[in-house]
Each structure stands twice: as C-alpha cells, then as structure tokens.
>>> print(open('my_file_34.cif').read())   # mmCIF, C-alpha atoms
data_upload
loop_
_atom_site.label_atom_id
_atom_site.label_comp_id
_atom_site.auth_asym_id
_atom_site.auth_seq_id
_atom_site.Cartn_x
_atom_site.Cartn_y
_atom_site.Cartn_z
CA MET I 1382 0.00 0.00 0.00
CA GLY I 1383 1.09 3.60 -0.59
CA LYS I 1384 1.95 6.05 2.16
CA GLY I 1385 -1.05 8.39 1.86
CA PRO I 1386 -4.81 7.98 1.49
CA GLY I 1387 -4.73 8.76 -2.25
CA LEU I 1388 -7.50 10.64 -4.05
CA TYR I 1389 -11.27 10.35 -3.62
CA THR I 1390 -11.46 8.24 -6.80
CA ASP I 1391 -9.25 5.64 -5.08
CA ILE I 1392 -11.98 4.85 -2.51
CA GLY I 1393 -13.41 1.48 -3.55
CA LYS I 1394 -11.28 1.36 -6.72
CA LYS I 1395 -9.85 -2.13 -6.10
CA ALA I 1396 -13.33 -3.63 -5.83
CA ARG I 1397 -14.60 -1.69 -8.88
CA ASP I 1398 -11.68 -2.89 -10.98
CA LEU I 1399 -12.22 -6.48 -9.89
CA LEU I 1400 -15.95 -6.40 -10.64
CA TYR I 1401 -16.11 -4.23 -13.77
CA LYS I 1402 -12.72 -3.61 -15.42
CA ASP I 1403 -12.11 -5.36 -18.80
CA TYR I 1404 -15.65 -6.76 -19.01
CA GLN I 1405 -17.27 -5.71 -22.28
CA SER I 1406 -19.66 -6.89 -24.96
CA ASP I 1407 -17.99 -4.87 -27.72
CA HIS I 1408 -15.03 -5.51 -29.99
CA LYS I 1409 -12.05 -3.28 -29.20
CA PHE I 1410 -8.59 -2.97 -30.73
CA THR I 1411 -5.78 -0.82 -29.33
CA ILE I 1412 -2.22 -0.43 -30.60
CA THR I 1413 0.59 1.69 -29.15
CA THR I 1414 3.86 2.56 -30.87
CA PHE I 1415 6.90 4.40 -29.51
CA SER I 1416 9.38 6.60 -31.38
CA PRO I 1417 13.07 7.08 -30.46
CA THR I 1418 12.16 10.60 -29.24
CA ALA I 1419 9.81 9.21 -26.52
CA VAL I 1420 6.60 9.94 -28.42
CA ALA I 1421 3.91 7.31 -27.89
CA ILE I 1422 1.00 7.04 -30.33
CA THR I 1423 -2.03 4.98 -29.29
CA SER I 1424 -4.83 4.19 -31.73
CA SER I 1425 -8.02 2.48 -30.62
CA ALA I 1426 -11.15 1.32 -32.39
CA THR I 1427 -14.35 0.00 -30.82
CA LYS I 1428 -17.32 -1.65 -32.51
CA LYS I 1429 -20.56 -1.13 -30.55
CA GLY I 1430 -23.32 -2.91 -32.41
CA ASP I 1431 -23.57 -1.09 -35.72
CA LEU I 1432 -21.47 1.84 -34.52
CA PHE I 1433 -17.73 2.12 -35.07
CA LEU I 1434 -15.79 4.48 -32.78
CA ALA I 1435 -12.13 5.40 -33.07
CA ASP I 1436 -9.62 7.79 -31.52
CA VAL I 1437 -5.90 8.54 -31.67
CA ASN I 1438 -3.84 9.62 -28.68
CA THR I 1439 -0.30 11.02 -28.86
CA GLN I 1440 1.75 11.26 -25.67
CA LEU I 1441 4.97 13.22 -25.31
CA LYS I 1442 7.24 12.91 -22.27
CA ASN I 1443 10.04 15.27 -21.37
CA LYS I 1444 11.50 15.00 -17.86
CA ASN I 1445 8.65 15.80 -15.45
CA ILE I 1446 6.14 16.97 -18.08
CA THR I 1447 3.70 14.62 -19.78
CA THR I 1448 1.40 15.87 -22.54
CA ASP I 1449 -1.44 13.85 -24.06
CA ILE I 1450 -2.94 15.04 -27.36
CA LYS I 1451 -6.04 13.34 -28.74
CA VAL I 1452 -9.49 13.97 -30.11
CA ASP I 1453 -10.62 14.45 -26.53
CA THR I 1454 -7.37 16.15 -25.62
CA ASN I 1455 -5.85 15.69 -22.18
CA SER I 1456 -2.61 17.29 -21.02
CA GLU I 1457 -0.79 16.57 -17.78
CA PHE I 1458 2.05 18.46 -16.21
CA ASP I 1459 3.55 16.25 -13.52
CA GLU I 1460 4.68 17.70 -10.21
CA PRO I 1461 5.45 21.39 -10.79
CA ALA I 1462 5.89 21.12 -7.00
CA PRO I 1463 6.37 17.95 -4.91
CA GLY I 1464 3.12 15.99 -4.81
CA LEU I 1465 1.32 18.39 -7.18
CA LYS I 1466 0.00 17.56 -10.66
CA THR I 1467 -1.72 19.86 -13.15
CA ILE I 1468 -4.05 18.40 -15.80
CA PHE I 1469 -5.58 20.23 -18.75
CA SER I 1470 -8.33 18.53 -20.72
CA PHE I 1471 -10.37 19.50 -23.77
CA LYS I 1472 -12.76 17.40 -25.83
CA VAL I 1473 -13.24 18.23 -29.48
CA PRO I 1474 -15.66 19.50 -30.75
CA ASP I 1475 -17.30 20.36 -27.39
CA GLN I 1476 -15.88 23.82 -26.68
CA ARG I 1477 -17.46 23.88 -23.21
CA SER I 1478 -15.59 20.75 -22.11
CA GLY I 1479 -12.26 22.44 -21.39
CA LYS I 1480 -11.13 22.38 -17.77
CA VAL I 1481 -8.01 22.63 -15.65
CA GLU I 1482 -7.44 20.34 -12.68
CA LEU I 1483 -4.98 20.40 -9.80
CA GLN I 1484 -4.14 17.29 -7.80
CA TYR I 1485 -2.13 17.27 -4.59
CA LEU I 1486 -1.02 14.14 -2.74
CA HIS I 1487 0.34 14.19 0.81
CA ASP I 1488 1.07 11.49 3.40
CA TYR I 1489 -2.19 12.37 5.19
CA ALA I 1490 -4.32 14.02 2.50
CA GLY I 1491 -5.26 13.89 -1.16
CA ILE I 1492 -6.91 16.86 -2.87
CA SER I 1493 -8.26 17.32 -6.39
CA THR I 1494 -9.93 20.49 -7.62
CA SER I 1495 -11.01 21.46 -11.13
CA ILE I 1496 -12.72 24.36 -12.83
CA GLY I 1497 -14.26 24.55 -16.28
CA LEU I 1498 -12.80 26.97 -18.80
CA THR I 1499 -16.09 28.77 -19.49
CA ALA I 1500 -17.73 32.02 -18.44
CA ASN I 1501 -19.93 30.16 -15.92
CA PRO I 1502 -17.87 27.12 -15.01
CA ILE I 1503 -18.60 24.02 -12.99
CA VAL I 1504 -16.22 23.84 -10.02
CA ASN I 1505 -15.35 20.45 -8.54
CA PHE I 1506 -13.56 19.71 -5.29
CA SER I 1507 -12.70 16.37 -3.77
CA GLY I 1508 -10.58 15.73 -0.72
CA VAL I 1509 -9.47 12.79 1.37
CA VAL I 1510 -7.86 12.85 4.81
CA GLY I 1511 -6.38 9.95 6.75
CA THR I 1512 -3.74 7.34 6.15
CA ASN I 1513 -3.29 4.32 3.92
CA VAL I 1514 -5.27 2.38 6.56
CA VAL I 1515 -8.29 4.60 7.26
CA SER I 1516 -9.46 7.55 5.15
CA LEU I 1517 -12.51 9.78 4.88
CA GLY I 1518 -13.36 11.91 1.85
CA THR I 1519 -15.89 14.01 -0.01
CA ASP I 1520 -16.56 14.94 -3.65
CA VAL I 1521 -18.56 18.10 -4.47
CA SER I 1522 -19.46 19.91 -7.72
CA PHE I 1523 -20.99 23.40 -7.95
CA ASP I 1524 -22.53 24.98 -11.05
CA THR I 1525 -21.76 28.72 -10.94
CA LYS I 1526 -24.36 29.40 -13.66
CA THR I 1527 -27.33 27.99 -11.76
CA GLY I 1528 -25.92 28.38 -8.26
CA ASN I 1529 -26.71 24.74 -7.48
CA PHE I 1530 -24.65 21.83 -6.27
CA THR I 1531 -24.68 19.22 -9.04
CA LYS I 1532 -22.90 16.56 -6.97
CA TYR I 1533 -22.07 15.87 -3.37
CA ASN I 1534 -20.72 12.49 -2.35
CA ALA I 1535 -18.90 11.16 0.70
CA GLY I 1536 -16.82 8.06 1.29
CA LEU I 1537 -14.97 6.05 3.93
CA SER I 1538 -12.24 3.47 3.32
CA PHE I 1539 -10.46 0.91 5.51
CA SER I 1540 -7.45 -1.12 4.37
CA ASN I 1541 -5.07 -3.67 5.80
CA ALA I 1542 -2.62 -6.14 4.28
CA ASP I 1543 -5.23 -8.26 2.47
CA LEU I 1544 -8.59 -6.50 2.84
CA ILE I 1545 -9.99 -3.21 1.54
CA ALA I 1546 -13.50 -2.12 2.53
CA SER I 1547 -15.30 1.07 1.56
CA LEU I 1548 -18.61 2.83 2.13
CA THR I 1549 -19.80 5.70 -0.08
CA LEU I 1550 -22.90 7.87 -0.24
CA ASN I 1551 -23.54 9.07 -3.81
CA ASP I 1552 -26.15 10.76 -6.03
CA LYS I 1553 -26.84 13.56 -3.54
CA GLY I 1554 -27.47 11.08 -0.75
CA ASP I 1555 -29.76 8.77 -2.73
CA THR I 1556 -27.36 5.83 -3.24
CA LEU I 1557 -25.46 3.96 -0.56
CA ASN I 1558 -22.64 1.73 -1.78
CA ALA I 1559 -20.60 -0.76 0.26
CA SER I 1560 -17.78 -2.79 -1.24
CA TYR I 1561 -14.93 -5.04 -0.22
CA TYR I 1562 -11.83 -6.54 -1.84
CA HIS I 1563 -9.98 -9.46 -0.28
CA THR I 1564 -6.65 -10.82 -1.46
CA VAL I 1565 -6.74 -14.61 -1.08
CA SER I 1566 -3.34 -15.45 -2.57
CA PRO I 1567 -0.87 -12.82 -3.79
CA LEU I 1568 1.19 -15.50 -5.56
CA THR I 1569 -1.65 -16.40 -7.92
CA ASN I 1570 -3.29 -12.94 -7.89
CA THR I 1571 -6.38 -14.59 -6.44
CA ALA I 1572 -8.93 -12.21 -4.97
CA VAL I 1573 -12.63 -12.00 -4.20
CA GLY I 1574 -14.81 -8.94 -3.96
CA GLY I 1575 -18.34 -7.75 -3.60
CA GLU I 1576 -20.49 -4.66 -3.88
CA VAL I 1577 -23.92 -3.84 -2.45
CA THR I 1578 -25.74 -0.76 -3.74
CA HIS I 1579 -28.99 0.52 -2.24
CA SER I 1580 -31.14 3.20 -3.85
CA PHE I 1581 -33.29 5.05 -1.31
CA SER I 1582 -35.60 6.52 -3.99
CA THR I 1583 -36.47 3.14 -5.54
CA ASN I 1584 -35.72 0.97 -2.48
CA GLN I 1585 -33.81 -1.34 -4.82
CA ASN I 1586 -30.69 -3.32 -3.95
CA THR I 1587 -28.01 -4.44 -6.40
CA ILE I 1588 -25.56 -7.09 -5.21
CA THR I 1589 -22.52 -8.07 -7.28
CA VAL I 1590 -19.82 -10.56 -6.30
CA GLY I 1591 -16.75 -11.56 -8.26
CA THR I 1592 -13.37 -13.23 -8.23
CA GLN I 1593 -10.13 -13.36 -10.15
CA HIS I 1594 -7.31 -15.91 -10.41
CA SER I 1595 -4.13 -16.11 -12.45
CA LEU I 1596 -3.63 -19.49 -14.13
CA ASP I 1597 -0.02 -18.48 -14.76
CA PRO I 1598 1.90 -15.17 -14.74
CA LEU I 1599 0.45 -14.31 -18.16
CA THR I 1600 -3.16 -15.55 -17.96
CA THR I 1601 -5.94 -14.26 -15.71
CA LEU I 1602 -9.50 -15.48 -15.21
CA LYS I 1603 -12.29 -13.31 -13.82
CA ALA I 1604 -15.95 -14.01 -13.08
CA ARG I 1605 -18.86 -12.11 -11.54
CA VAL I 1606 -22.59 -12.46 -10.94
CA ASN I 1607 -25.29 -10.15 -9.62
CA ASN I 1608 -28.66 -10.64 -7.95
CA PHE I 1609 -30.46 -9.97 -11.26
CA GLY I 1610 -29.03 -13.17 -12.71
CA LYS I 1611 -26.39 -11.57 -14.96
CA ALA I 1612 -23.28 -13.78 -14.96
CA SER I 1613 -20.06 -12.75 -16.69
CA ALA I 1614 -16.60 -14.20 -17.17
CA LEU I 1615 -13.42 -13.29 -18.99
CA ILE I 1616 -10.00 -14.65 -19.75
CA GLN I 1617 -7.10 -12.28 -20.36
CA HIS I 1618 -3.71 -13.33 -21.71
CA ALA I 1619 -0.59 -11.18 -21.90
CA TRP I 1620 1.21 -12.72 -24.84
CA ARG I 1621 3.97 -10.14 -24.40
CA PRO I 1622 4.54 -7.45 -21.72
CA LYS I 1623 1.61 -4.97 -21.72
CA SER I 1624 0.07 -6.59 -24.80
CA LEU I 1625 -3.24 -8.15 -23.80
CA PHE I 1626 -5.88 -10.29 -25.48
CA THR I 1627 -9.22 -10.49 -23.65
CA ILE I 1628 -12.34 -12.56 -24.33
CA SER I 1629 -15.40 -11.87 -22.19
CA GLY I 1630 -18.96 -13.11 -22.14
CA GLU I 1631 -22.23 -12.48 -20.30
CA VAL I 1632 -25.37 -14.55 -19.91
CA ASP I 1633 -28.72 -13.72 -18.34
CA THR I 1634 -29.48 -16.78 -16.22
CA LYS I 1635 -33.08 -15.62 -15.74
CA SER I 1636 -33.68 -15.38 -19.50
CA ILE I 1637 -31.92 -18.36 -21.04
CA ASP I 1638 -33.69 -17.72 -24.35
CA LYS I 1639 -31.66 -14.51 -24.77
CA SER I 1640 -28.44 -14.84 -26.71
CA PRO I 1641 -25.27 -14.47 -24.63
CA LYS I 1642 -23.09 -11.41 -25.20
CA PHE I 1643 -19.44 -11.73 -26.18
CA GLY I 1644 -16.65 -9.18 -26.29
CA LEU I 1645 -13.13 -9.14 -27.66
CA ALA I 1646 -10.31 -6.74 -26.83
CA LEU I 1647 -6.78 -6.64 -28.19
CA ALA I 1648 -4.19 -4.20 -26.86
CA LEU I 1649 -0.72 -4.07 -28.43
CA LYS I 1650 2.31 -2.34 -26.95
CA PRO I 1651 5.91 -2.80 -28.09
#
>>> encode(input="my_file_34.cif", output="structure tokens")
Amino acid sequence: MGKGPGLYTDIGKKARDLLYKDYQSDHKFTITTFSPTAVAITSSATKKGDLFLADVNTQLKNKNITTDIKVDTNSEFDEPAPGLKTIFSFKVPDQRSGKVELQYLHDYAGISTSIGLTANPIVNFSGVVGTNVVSLGTDVSFDTKTGNFTKYNAGLSFSNADLIASLTLNDKGDTLNASYYHTVSPLTNTAVGGEVTHSFSTNQNTITVGTQHSLDPLTTLKARVNNFGKASALIQHAWRPKSLFTISGEVDTKSIDKSPKFGLALALKP
C-alpha cells in the first residue's frame, strides 16, 4: 500500500476494478507505438453494435512533463511542485468541455480540484484525509451558472494487508454503496470482492460478487454475478509485456432464451 490515502477516486477502486474492469460486450482494438524521441501514439477502435468508434492519442514525455494530445485532448504536467499535478483537458468539438485540474497528494491528505474553462464554469472539489489504513473523503461539484450543487458524495475506506472495505454515499445522498476486496493469494493474484448498492428513492438493492485468479503469470481469469441473474466471465492473456488479449462473455441466467453477449479486446504495446 502507498503512504497516503490517495484521491477520492481511489476509494473502492480495487473492488470496482475487480468487478467491472475489462468486461465488455464490444469488440475493441488498441495499438501503441513508440518513437526514439519518446513519443507514444495509441490508436483504438471499438465496434458497438452497428457503430464504429475510433480515436488517436499522442503522448509526449520530457522529464517531469507529460502531454497527451487526442481527439478528446488531455494534457498533464507532472509535479510542478512535490506531490502536485496539473491536468488540462479538452474534448473536441465540445468547446465547453475544457477544464483545468490540480491534484495534490500528501502522506495524510489527497486533494483534487477542477474548474471549467467557461464564463460560468462548474467547479469540482474532492478531498481525502487519513492514512493508507483509514481515510474519509468528499466529492462536491458546484454549477456557478445555476448556483446549485450538481454533486455531493462522501466516502470512507479501511485497508489492511489483504482486505480493503469502503462505504460511499452518492447521487446527492440517494445511493449507498458498500464494497470489499480481499486478497486470497498474492502469488496467484487470487482475490474475491463484492459490492452492495442501495437506492433510497427506488428501495432497490443491487448485489454483485466476483473473483479473479491467475492461471499463470500471463493468464488471468475473472468471473462475476449479480442478484439480477447476470453472470459474466473473462480470460485475459498477456502474450507479451503490456500486450493483452481479452475474451469476455455475459449470460442472463433468468432469460436463457436470450443470446449471450461476447466481447473481444486486443491491446498491443511494443
């Protein structure tokens, strides 16, 4: 574990990655190439039903400055001061999407604040205080045009050597989320996790449990199921460092007559 509590987005991240990362029902292809001058170009294409989406990202690194240039442009300037990172983002063609973000990481705090680059911007602030064992945080957004809070969330996280548990209150207090991540065997990257979400407005509960296990250092299996009968599984193989091939599938156990969904993803890095 790291020294500090991290950022607000780190609360519950291990469980979210276990339960949701790399699962997809689309076909995705990503390739990254590097030039001798430390320029990385990443091209990706995704087929969603009858839609075909693509983007190109170019990353330039020079000492402590990293710049990403893409169709939805994102630029990062790493650590102008110790623990501080500045991020500039802009999505084309949405001219109102531009924003600047500051992140600061400390042994006992993590702060992220952003402001939109418009006449009446949305201002976001998130902060976490604590240690790498126990942390408490909040995430708030304010629309200066309407004078209303568009988001206010709060979260609590507890971690030890093999267990991470979190509790968050989201959607302006309407959704309560509890999750856990337990490392069973570090040698085989075996872990189990679960998430329970309760909506106060609909009085509906969503329960998702999942697991992962590495068959060997290059091949990982993951599986999950929720209380609505949706069961998913994937196998991911790294046929060379950072180059991954993933096959995933999902079935609705309560509607066997429905066709299962399958997804493929290929990521290539030299």
>>> atom_distance(input="my_file_34.cif", atom1="atom CA of I:Phe1523", atom2="atom CA of I:Asp1398")
28.1 Å
>>> closest_residue(input="my_file_34.cif", among="I:Ile1588, I:Val1509, I:Val1521, I:Ile1637", to="I:Asn1534", atoms="only C-alpha atoms")
I:Val1521
>>> resolve_selection(input="my_file_34.cif", expression="the PyMOL selection byres ((chain I and resi 1602-1610) around 6)", output="count of residues only")
17
>>> axis_aligned_box(input="my_file_34.cif", around="stretch 1602-1614 of chain I", padding_each_side="3 Å", output="lines of an AutoDock Vina configuration file")
center_x = -20.0
center_y = -12.7
center_z = -12.6
size_x = 27.0
size_y = 11.5
size_z = 15.2
>>> resolve_selection(input="my_file_34.cif", expression="the PyMOL selection byres ((chain I and resi 1513-1518) around 10)", output="JSON, numbers by chain")
{"I": [1382, 1383, 1384, 1385, 1386, 1387, 1388, 1389, 1390, 1392, 1488, 1489, 1490, 1491, 1492, 1507, 1508, 1509, 1510, 1511, 1512, 1519, 1520, 1534, 1535, 1536, 1537, 1538, 1539, 1540, 1541, 1542, 1545, 1546, 1547, 1548, 1549]}
>>> atom_distance(input="my_file_34.cif", atom1="atom CA of I:Tyr1561", atom2="atom CA of I:Asn1584")
21.8 Å
>>> atom_distance(input="my_file_34.cif", atom1="atom CA of I:Tyr1533", atom2="atom CA of I:Ala1500")
22.5 Å
>>> closest_atom_pairs(input="my_file_34.cif", of="stretch 1525-1569 of chain I", to="stretch 1575-1578 of chain I", cutoff="9 Å", atoms="only C-alpha atoms", output="tab-separated table")
residue	atom	partner	partner_atom	distance
I:Thr1556	CA	I:Thr1578	CA	6.8
I:Leu1557	CA	I:Thr1578	CA	5.7
I:Asn1558	CA	I:Thr1578	CA	4.4
I:Ala1559	CA	I:Val1577	CA	5.3
I:Ser1560	CA	I:Glu1576	CA	4.2
I:Tyr1561	CA	I:Gly1575	CA	5.5
I:Tyr1562	CA	I:Gly1575	CA	6.9
